[in-house]
Amino acid sequence: MGQQEYVGHRLIDVAVLPARVAYLIAEGSSDGFRAAVRAASHRWGGMTEPIIEATSEADSKDVAKLVRIADVQAVVNVDADASRATELGDSWKLPVVAIGAMYSRSPWGIWEFTTRPESMTNLLGPASDTCFRADPKGPLWAVAVAGIYDVPNEFIGYAPVLPQQLTLLGGAQSSSATVLQKGMAGFEESWAMYDRHNHELPVVVVIAEPDSLADSLWFWNARAMRSHARIDMPVVLFPQEAIEYWLGFANDIRSAQTRSGPRPMPDVILFSRSLSDDELHQAAARAELVADDGSGVRWIEHHPDGGERLTYRIDCDFEPELFRRRWGKAEPNNFHQFVGPSRFDVALPALPSRPSAALLRLDGEPFAKLPRKDIVAWMITQRAMSIAPLSASWHGNQLQIPVRIPWLDFPQLTLSIPRPEEVVAELLKQATSSSAPSIPGTIGMTVTEQSDISALLGVFVVEALTALKTERTEHFLKELRRLNEGRYPDWLALEDAKELAREFGGRQERKFQSATNVLNGWTASEVTPALEAACAQGWAERGLGLDCDQCSLNSFIPLHATSGTAVCPACSAPALYQRENGKAVEVVYRLNGFIDRAIDNGVLPHLLVAAALKDRDPSTYLLPGVDVVVDGARNEVDVFGIHEGKVLAGEVKVKAAEFSKGGQIVRDVALSRRLGADIHLMAATDIIDEDLQREARKLCERDGIELLVLHEPQLRPGLAEQRDARKQRKAAAAAASTPKPRRGDSKASSAPGPEPRT
């Protein structure tokens, strides 16, 4: 067995976190809320799992935003209508499971990859009497604050206790002494960000009627959506009775405001959906708060024990703060990558205890340029299936693997980072019934492998190659049309004619020209660098032209084959090398046979696009032409591959006007969508007007595809500047050639001159 090729040392960040869910309850269902809280209390990180009421507005953009930012893996239907739950789950692109099925593990799913909180912290044991749980039948506000925890019989004396007085739950919120807060042990954010600074965020105090579902739901989700480790923004809940009977109410609110140093004004926002403004003002007075003077955000020095008065504002329209964040405590790992399977020694981040089931999320350089497709995740982890009962998938840019800990070969993983060509082949296999390189695609791949196609981006290189192309296929087609003259409209199908032209049209002699004559309107000094660049890549060769008076043939003699005496290669008669304006012998250029055929087959625009994309992202891998069968229909896709870690497919035209033909753009975008592309490419070697781009953009937005437009500014860089420079030179030459009026002749006389003498 041969030794594997070593690719190099890479870094991978490994994060560990529980799978999390969103709970769906029927509208107005307090029992559903209690059941959801009970389920969340028995899950690691359950305090961050949102609870959503299945109202008529549950499919609004705001709820969808909450679900997206909550970053959950599934929806658990507690007691909502099953069809409505499925409808909402589909709109959020999440699997749906009934709460009973979640407990019975049937069906089995990603929602199971979590851990009971007692395995992550000291919920059970001698010190557990300092932690509170709520009475399952107690007031709704207490259930929302502390959680419902079912104590195992063997730990009945060493488990979280029911508070003798509910007032104990006030201070417990600030000291993290509830079941729900204990269940957050080891559940961290590796990154979190909010639009405002930390010291601009006030404490949010919710005052509610004891069994107000609206307030309890609002509080639960506001607390779930706030940052727990990176940004300090407490959200606390108190019952209405705290206004009259809660002796420590002021101290509990003050202890929630834990920050010293700069803080905003107001310090506290009072919120309620069940109480009036007057009742909230009474609560503020009871808590020894003073009204904010409305002067805006000011920063003053506050000290928790300094006896200062905290300010407040009533804001009934206040919405929960939504933080962008990335969950999971991460640990950097060294990864030695080989071609093929690579053993990976996994160092997990330090946690209070090791979870029995969790999600691993891997992020790092090896995955940076791979498409975020499930088939690619499978290719990477197919040899590590022993640790992953469910398939790996992508979570944003992270590779997500559900694991049971420890696994068979813990703590090792076997990862296979696929090569780009392997990924592209597998993507085509998944999206098509069959696929094969087209004729242009086969030729284009050969050119790409044999030369550096980035040279095509040089000024005038494409123009020079195109001008030197021998008119074979199109010339042959024109001759067929001329001979037919419309007399036999069904005589030969266009595609068959093209194949015939490709086969037999190539028997013409290759064209050769001097730098002076290659491009009309451009000088030899401007065109020669492009021709020399083509020679450097082996696309063209230098030589001398030979005119034979005996056989009347013009021949190309490569420079290495020239001799002191010019001899016609056709008839062996003495001849003369062509001269530039009858003076010195003139160097001419000719394409090599393969490149000449490639350009005649329309490959050049495809290669130009590939060169431009590789210039933007060197890791780009493209097939410049593929014949595919999708949904039973045969199609040709001009470009397919990977660019910037995304799947790219699209159409390349020589003339942008071809996109305006009926339905062309619609067909192109539809094909890219069926091929699973993330990016649809619309490319032409001239200018694509804004109306065509707008049509393509609208179709791509509808299908959720990114549009990438490449045309003359990107594909032929420097050409526009050369045109402008030529115009300026012509204008300057014209101005210089205009005769200047002689002194004294600034105004011509209108009187007739004298008669000429005879």
# chains A, B, ... in the order shown; residues from 1 in each chain; ligands from 1
>>> residues_around(residues="range 355-371 of chain A", least_positions_apart="3", cutoff="9 Å", atoms="only C-alpha atoms", output="NGL selection string")
:A and (10-19 or 44 or 110 or 112-116 or 119-120 or 328 or 330 or 335 or 337 or 351 or 374 or 376 or 394-395 or 397-406 or 417-418 or 420 or 423 or 619-620 or 642-647 or 678)
>>> residues_around(residues="Val96 in chain A", least_positions_apart="4", cutoff="12 Å", atoms="only C-alpha atoms", output="VMD selection string")
chain A and resid 21 to 24 72 to 78 80 82 to 92 100 to 102 107 to 111
>>> write_last_selection(atoms="N, CA and C atoms", output="tab-separated table (two decimals), in the first residue's frame")
chain	number	residue	atom	x	y	z
A	21	VAL	N	-34.35	22.94	19.94
A	21	VAL	CA	-35.62	22.93	19.21
A	21	VAL	C	-36.41	24.18	19.55
A	22	ALA	N	-37.44	24.45	18.75
A	22	ALA	CA	-38.46	25.44	19.07
A	22	ALA	C	-39.75	24.69	19.37
A	23	TYR	N	-40.49	25.12	20.40
A	23	TYR	CA	-41.73	24.46	20.79
A	23	TYR	C	-42.92	25.22	20.21
A	24	LEU	N	-43.86	24.50	19.66
A	24	LEU	CA	-45.05	25.10	19.07
A	24	LEU	C	-46.26	24.71	19.92
A	72	VAL	N	-32.27	26.89	15.84
A	72	VAL	CA	-32.73	25.59	16.31
A	72	VAL	C	-32.67	24.58	15.16
A	73	GLN	N	-32.70	23.29	15.54
A	73	GLN	CA	-32.57	22.24	14.54
A	73	GLN	C	-33.89	21.56	14.19
A	74	ALA	N	-34.96	21.83	14.96
A	74	ALA	CA	-36.24	21.17	14.70
A	74	ALA	C	-37.35	21.94	15.41
A	75	VAL	N	-38.60	21.61	15.06
A	75	VAL	CA	-39.78	22.15	15.72
A	75	VAL	C	-40.48	21.00	16.44
A	76	VAL	N	-40.78	21.19	17.73
A	76	VAL	CA	-41.52	20.20	18.50
A	76	VAL	C	-42.95	20.70	18.65
A	77	ASN	N	-43.90	19.94	18.13
A	77	ASN	CA	-45.32	20.31	18.23
A	77	ASN	C	-45.85	19.80	19.56
A	78	VAL	N	-46.17	20.74	20.45
A	78	VAL	CA	-46.66	20.37	21.78
A	78	VAL	C	-48.15	20.04	21.73
A	80	ALA	N	-50.32	22.05	19.19
A	80	ALA	CA	-50.90	22.79	18.08
A	80	ALA	C	-51.48	21.82	17.05
A	82	ALA	N	-51.78	19.65	13.94
A	82	ALA	CA	-50.67	18.97	13.27
A	82	ALA	C	-50.41	19.55	11.89
A	83	SER	N	-51.47	19.83	11.13
A	83	SER	CA	-51.27	20.37	9.78
A	83	SER	C	-50.68	21.77	9.83
A	84	ARG	N	-51.12	22.56	10.83
A	84	ARG	CA	-50.55	23.90	10.98
A	84	ARG	C	-49.09	23.81	11.38
A	85	ALA	N	-48.75	22.86	12.25
A	85	ALA	CA	-47.35	22.68	12.65
A	85	ALA	C	-46.49	22.31	11.45
A	86	THR	N	-46.98	21.41	10.61
A	86	THR	CA	-46.22	21.03	9.40
A	86	THR	C	-46.04	22.21	8.47
A	87	GLU	N	-47.09	22.99	8.33
A	87	GLU	CA	-47.04	24.18	7.46
A	87	GLU	C	-45.98	25.16	7.95
A	88	LEU	N	-45.95	25.41	9.26
A	88	LEU	CA	-44.96	26.34	9.82
A	88	LEU	C	-43.56	25.77	9.73
A	89	GLY	N	-43.42	24.48	10.03
A	89	GLY	CA	-42.11	23.85	9.92
A	89	GLY	C	-41.55	23.94	8.52
A	90	ASP	N	-42.41	23.73	7.51
A	90	ASP	CA	-41.96	23.85	6.12
A	90	ASP	C	-41.53	25.27	5.80
A	91	SER	N	-42.26	26.25	6.31
A	91	SER	CA	-41.91	27.65	6.02
A	91	SER	C	-40.59	28.03	6.67
A	92	TRP	N	-40.26	27.39	7.80
A	92	TRP	CA	-38.98	27.67	8.47
A	92	TRP	C	-37.89	26.69	8.04
A	100	GLY	N	-44.74	13.85	21.97
A	100	GLY	CA	-44.75	12.46	22.43
A	100	GLY	C	-43.74	11.61	21.69
A	101	ALA	N	-43.62	11.83	20.39
A	101	ALA	CA	-42.65	11.08	19.59
A	101	ALA	C	-41.23	11.45	19.97
A	102	MET	N	-41.02	12.70	20.37
A	102	MET	CA	-39.68	13.11	20.79
A	102	MET	C	-39.25	12.33	22.03
A	107	PRO	N	-40.17	9.14	15.47
A	107	PRO	CA	-38.95	8.79	14.74
A	107	PRO	C	-37.70	9.35	15.42
A	108	TRP	N	-36.59	8.79	15.04
A	108	TRP	CA	-35.31	9.21	15.58
A	108	TRP	C	-34.82	10.41	14.79
A	109	GLY	N	-34.31	11.45	15.45
A	109	GLY	CA	-33.90	12.64	14.71
A	109	GLY	C	-32.85	13.44	15.44
A	110	ILE	N	-32.47	14.54	14.81
A	110	ILE	CA	-31.37	15.35	15.32
A	110	ILE	C	-31.71	15.98	16.67
A	111	TRP	N	-33.00	16.17	16.97
A	111	TRP	CA	-33.39	16.79	18.24
A	111	TRP	C	-32.94	15.99	19.45
>>> closest_residue(among="A:Trp539, A:Tyr577, A:Tyr158, A:Trp522", to="Leu124 in chain A", atoms="only C-alpha atoms")
A:Tyr158
>>> residues_around(residues="Gln513 in chain A", least_positions_apart="5", cutoff="12 Å", atoms="only C-alpha atoms", output="number ranges by chain")
A: 464-465, 467-470, 518-520, 524, 527-528, 531, 540-546, 554-556, 578, 580, 586-591
>>> residues_around(residues="Ala242 in chain A", least_positions_apart="2", cutoff="10 Å", atoms="only C-alpha atoms", output="VMD selection string")
chain A and resid 167 170 207 to 208 238 to 240 244 to 250 283 286 to 287
>>> select_by_dssp(residues="range 60-119 of chain A", states="helix (DSSP H, G or I)", output="NGL selection string")
:A and (61-70 or 82-92 or 99-104 or 110-112 or 117-119)
>>> write_last_selection(atoms="N, CA, C and O atoms", output="tab-separated table (two decimals), in the first residue's frame")
chain	number	residue	atom	x	y	z
A	61	LYS	N	-42.94	37.53	9.24
A	61	LYS	CA	-41.50	37.70	9.09
A	61	LYS	C	-40.81	37.81	10.45
A	61	LYS	O	-39.69	37.34	10.62
A	62	ASP	N	-41.49	38.43	11.44
A	62	ASP	CA	-40.88	38.59	12.76
A	62	ASP	C	-40.67	37.24	13.44
A	62	ASP	O	-39.63	37.00	14.06
A	63	VAL	N	-41.66	36.36	13.34
A	63	VAL	CA	-41.52	35.03	13.95
A	63	VAL	C	-40.46	34.23	13.21
A	63	VAL	O	-39.64	33.53	13.83
A	64	ALA	N	-40.45	34.33	11.88
A	64	ALA	CA	-39.42	33.62	11.10
A	64	ALA	C	-38.03	34.11	11.48
A	64	ALA	O	-37.08	33.32	11.56
A	65	LYS	N	-37.90	35.42	11.74
A	65	LYS	CA	-36.61	35.97	12.16
A	65	LYS	C	-36.21	35.42	13.51
A	65	LYS	O	-35.05	35.06	13.73
A	66	LEU	N	-37.17	35.33	14.43
A	66	LEU	CA	-36.88	34.78	15.76
A	66	LEU	C	-36.40	33.34	15.65
A	66	LEU	O	-35.41	32.94	16.29
A	67	VAL	N	-37.07	32.53	14.82
A	67	VAL	CA	-36.69	31.13	14.67
A	67	VAL	C	-35.30	31.02	14.05
A	67	VAL	O	-34.48	30.19	14.46
A	68	ARG	N	-35.02	31.89	13.07
A	68	ARG	CA	-33.71	31.84	12.41
A	68	ARG	C	-32.59	32.21	13.38
A	68	ARG	O	-31.56	31.53	13.44
A	69	ILE	N	-32.78	33.27	14.14
A	69	ILE	CA	-31.73	33.71	15.06
A	69	ILE	C	-31.60	32.74	16.24
A	69	ILE	O	-30.51	32.55	16.78
A	70	ALA	N	-32.72	32.10	16.61
A	70	ALA	CA	-32.64	31.11	17.69
A	70	ALA	C	-31.75	29.94	17.30
A	70	ALA	O	-31.20	29.26	18.16
A	82	ALA	N	-51.78	19.65	13.94
A	82	ALA	CA	-50.67	18.97	13.27
A	82	ALA	C	-50.41	19.55	11.89
A	82	ALA	O	-49.25	19.74	11.49
A	83	SER	N	-51.47	19.83	11.13
A	83	SER	CA	-51.27	20.37	9.78
A	83	SER	C	-50.68	21.77	9.83
A	83	SER	O	-49.83	22.13	9.01
A	84	ARG	N	-51.12	22.56	10.83
A	84	ARG	CA	-50.55	23.90	10.98
A	84	ARG	C	-49.09	23.81	11.38
A	84	ARG	O	-48.24	24.59	10.91
A	85	ALA	N	-48.75	22.86	12.25
A	85	ALA	CA	-47.35	22.68	12.65
A	85	ALA	C	-46.49	22.31	11.45
A	85	ALA	O	-45.37	22.84	11.28
A	86	THR	N	-46.98	21.41	10.61
A	86	THR	CA	-46.22	21.03	9.40
A	86	THR	C	-46.04	22.21	8.47
A	86	THR	O	-44.96	22.42	7.91
A	87	GLU	N	-47.09	22.99	8.33
A	87	GLU	CA	-47.04	24.18	7.46
A	87	GLU	C	-45.98	25.16	7.95
A	87	GLU	O	-45.17	25.68	7.16
A	88	LEU	N	-45.95	25.41	9.26
A	88	LEU	CA	-44.96	26.34	9.82
A	88	LEU	C	-43.56	25.77	9.73
A	88	LEU	O	-42.60	26.48	9.40
A	89	GLY	N	-43.42	24.48	10.03
A	89	GLY	CA	-42.11	23.85	9.92
A	89	GLY	C	-41.55	23.94	8.52
A	89	GLY	O	-40.35	24.21	8.32
A	90	ASP	N	-42.41	23.73	7.51
A	90	ASP	CA	-41.96	23.85	6.12
A	90	ASP	C	-41.53	25.27	5.80
A	90	ASP	O	-40.53	25.48	5.09
A	91	SER	N	-42.26	26.25	6.31
A	91	SER	CA	-41.91	27.65	6.02
A	91	SER	C	-40.59	28.03	6.67
A	91	SER	O	-39.86	28.88	6.15
A	92	TRP	N	-40.26	27.39	7.80
A	92	TRP	CA	-38.98	27.67	8.47
A	92	TRP	C	-37.89	26.69	8.04
A	92	TRP	O	-36.76	26.77	8.53
A	99	ILE	N	-44.39	16.09	20.37
A	99	ILE	CA	-43.67	16.03	21.64
A	99	ILE	C	-43.65	14.60	22.19
A	99	ILE	O	-42.65	14.16	22.78
A	100	GLY	N	-44.74	13.85	21.97
A	100	GLY	CA	-44.75	12.46	22.43
A	100	GLY	C	-43.74	11.61	21.69
A	100	GLY	O	-43.05	10.76	22.29
A	101	ALA	N	-43.62	11.83	20.39
A	101	ALA	CA	-42.65	11.08	19.59
A	101	ALA	C	-41.23	11.45	19.97
A	101	ALA	O	-40.33	10.60	19.92
A	102	MET	N	-41.02	12.70	20.37
A	102	MET	CA	-39.68	13.11	20.79
A	102	MET	C	-39.25	12.33	22.03
A	102	MET	O	-38.11	11.88	22.15
A	103	TYR	N	-40.18	12.13	22.96
A	103	TYR	CA	-39.85	11.39	24.17
A	103	TYR	C	-39.66	9.90	23.88
A	103	TYR	O	-38.84	9.23	24.51
A	104	SER	N	-40.43	9.37	22.93
A	104	SER	CA	-40.35	7.93	22.66
A	104	SER	C	-39.25	7.58	21.68
A	104	SER	O	-39.04	6.40	21.37
A	110	ILE	N	-32.47	14.54	14.81
A	110	ILE	CA	-31.37	15.35	15.32
A	110	ILE	C	-31.71	15.98	16.67
A	110	ILE	O	-30.81	16.32	17.45
A	111	TRP	N	-33.00	16.17	16.97
A	111	TRP	CA	-33.39	16.79	18.24
A	111	TRP	C	-32.94	15.99	19.45
A	111	TRP	O	-32.92	16.50	20.56
A	112	GLU	N	-32.57	14.72	19.26
A	112	GLU	CA	-32.15	13.89	20.39
A	112	GLU	C	-30.72	14.16	20.84
A	112	GLU	O	-30.32	13.69	21.91
A	117	PRO	N	-29.51	18.12	31.80
A	117	PRO	CA	-28.65	19.13	32.44
A	117	PRO	C	-27.91	18.64	33.67
A	117	PRO	O	-26.85	19.16	34.01
A	118	GLU	N	-28.43	17.60	34.37
A	118	GLU	CA	-27.73	17.13	35.56
A	118	GLU	C	-26.38	16.51	35.23
A	118	GLU	O	-25.50	16.41	36.09
A	119	SER	N	-26.18	16.07	33.96
A	119	SER	CA	-24.89	15.51	33.58
A	119	SER	C	-23.88	16.61	33.28
A	119	SER	O	-22.69	16.32	33.12
>>> atom_distance(atom1="CA of Arg313 in chain A", atom2="CA of Asp215 in chain A")
17.7 Å
>>> decode(residues="range 139-161 of chain A", atoms="N, CA, C and O atoms", output="mmCIF file, in the first residue's frame")
data_model
loop_
_atom_site.group_PDB
_atom_site.id
_atom_site.type_symbol
_atom_site.label_atom_id
_atom_site.label_comp_id
_atom_site.auth_asym_id
_atom_site.auth_seq_id
_atom_site.Cartn_x
_atom_site.Cartn_y
_atom_site.Cartn_z
ATOM 1 N N PRO A 139 -48.157 29.113 39.671
ATOM 2 C CA PRO A 139 -48.422 30.223 38.755
ATOM 3 C C PRO A 139 -47.525 30.155 37.520
ATOM 4 O O PRO A 139 -46.380 29.701 37.585
ATOM 5 N N LEU A 140 -48.056 30.649 36.420
ATOM 6 C CA LEU A 140 -47.346 30.550 35.145
ATOM 7 C C LEU A 140 -46.036 31.327 35.167
ATOM 8 O O LEU A 140 -45.041 30.909 34.569
ATOM 9 N N TRP A 141 -46.033 32.464 35.871
ATOM 10 C CA TRP A 141 -44.805 33.269 35.888
ATOM 11 C C TRP A 141 -43.660 32.498 36.549
ATOM 12 O O TRP A 141 -42.511 32.565 36.098
ATOM 13 N N ALA A 142 -43.959 31.747 37.629
ATOM 14 C CA ALA A 142 -42.924 30.983 38.331
ATOM 15 C C ALA A 142 -42.403 29.850 37.448
ATOM 16 O O ALA A 142 -41.201 29.541 37.441
ATOM 17 N N VAL A 143 -43.294 29.205 36.684
ATOM 18 C CA VAL A 143 -42.888 28.155 35.750
ATOM 19 C C VAL A 143 -41.919 28.723 34.713
ATOM 20 O O VAL A 143 -40.899 28.104 34.378
ATOM 21 N N ALA A 144 -42.247 29.926 34.183
ATOM 22 C CA ALA A 144 -41.389 30.544 33.172
ATOM 23 C C ALA A 144 -40.028 30.911 33.744
ATOM 24 O O ALA A 144 -39.004 30.811 33.065
ATOM 25 N N VAL A 145 -39.992 31.336 35.026
ATOM 26 C CA VAL A 145 -38.734 31.773 35.639
ATOM 27 C C VAL A 145 -37.841 30.587 35.980
ATOM 28 O O VAL A 145 -36.642 30.577 35.662
ATOM 29 N N ALA A 146 -38.383 29.556 36.641
ATOM 30 C CA ALA A 146 -37.542 28.508 37.229
ATOM 31 C C ALA A 146 -37.514 27.213 36.427
ATOM 32 O O ALA A 146 -36.532 26.474 36.472
ATOM 33 N N GLY A 147 -38.590 26.881 35.705
ATOM 34 C CA GLY A 147 -38.649 25.633 34.970
ATOM 35 C C GLY A 147 -39.276 24.515 35.782
ATOM 36 O O GLY A 147 -39.381 24.595 37.010
ATOM 37 N N ILE A 148 -39.704 23.466 35.088
ATOM 38 C CA ILE A 148 -40.315 22.289 35.724
ATOM 39 C C ILE A 148 -39.343 21.127 35.581
ATOM 40 O O ILE A 148 -38.992 20.729 34.469
ATOM 41 N N TYR A 149 -38.919 20.593 36.717
ATOM 42 C CA TYR A 149 -37.906 19.538 36.688
ATOM 43 C C TYR A 149 -38.429 18.323 37.433
ATOM 44 O O TYR A 149 -38.831 18.413 38.606
ATOM 45 N N ASP A 150 -38.447 17.168 36.758
ATOM 46 C CA ASP A 150 -38.898 15.917 37.369
ATOM 47 C C ASP A 150 -37.702 15.230 38.027
ATOM 48 O O ASP A 150 -36.782 14.771 37.341
ATOM 49 N N VAL A 151 -37.723 15.151 39.348
ATOM 50 C CA VAL A 151 -36.589 14.624 40.103
ATOM 51 C C VAL A 151 -36.612 13.096 40.087
ATOM 52 O O VAL A 151 -37.642 12.480 40.384
ATOM 53 N N PRO A 152 -35.502 12.455 39.730
ATOM 54 C CA PRO A 152 -35.446 10.983 39.818
ATOM 55 C C PRO A 152 -35.665 10.524 41.257
ATOM 56 O O PRO A 152 -35.237 11.184 42.215
ATOM 57 N N ASN A 153 -36.346 9.403 41.439
ATOM 58 C CA ASN A 153 -36.699 8.928 42.785
ATOM 59 C C ASN A 153 -35.475 8.750 43.677
ATOM 60 O O ASN A 153 -35.512 9.036 44.879
ATOM 61 N N GLU A 154 -34.376 8.282 43.095
ATOM 62 C CA GLU A 154 -33.192 8.017 43.925
ATOM 63 C C GLU A 154 -32.514 9.306 44.393
ATOM 64 O O GLU A 154 -31.629 9.266 45.250
ATOM 65 N N PHE A 155 -32.914 10.449 43.822
ATOM 66 C CA PHE A 155 -32.292 11.719 44.221
ATOM 67 C C PHE A 155 -33.311 12.676 44.834
ATOM 68 O O PHE A 155 -33.099 13.873 44.850
ATOM 69 N N ILE A 156 -34.399 12.122 45.339
ATOM 70 C CA ILE A 156 -35.481 12.986 45.811
ATOM 71 C C ILE A 156 -35.024 13.923 46.922
ATOM 72 O O ILE A 156 -35.547 15.020 47.099
ATOM 73 N N GLY A 157 -34.028 13.514 47.714
ATOM 74 C CA GLY A 157 -33.536 14.373 48.794
ATOM 75 C C GLY A 157 -32.357 15.237 48.403
ATOM 76 O O GLY A 157 -31.882 16.037 49.215
ATOM 77 N N TYR A 158 -31.855 15.046 47.208
ATOM 78 C CA TYR A 158 -30.675 15.790 46.753
ATOM 79 C C TYR A 158 -30.947 16.402 45.376
ATOM 80 O O TYR A 158 -30.238 16.152 44.415
ATOM 81 N N ALA A 159 -32.013 17.148 45.304
ATOM 82 C CA ALA A 159 -32.433 17.697 44.023
ATOM 83 C C ALA A 159 -32.906 19.128 44.214
ATOM 84 O O ALA A 159 -33.133 19.578 45.348
ATOM 85 N N PRO A 160 -33.047 19.894 43.140
ATOM 86 C CA PRO A 160 -33.577 21.254 43.238
ATOM 87 C C PRO A 160 -34.908 21.261 43.986
ATOM 88 O O PRO A 160 -35.732 20.344 43.838
ATOM 89 N N VAL A 161 -35.110 22.267 44.788
ATOM 90 C CA VAL A 161 -36.247 22.297 45.707
ATOM 91 C C VAL A 161 -37.314 23.251 45.211
ATOM 92 O O VAL A 161 -37.053 24.175 44.431
#
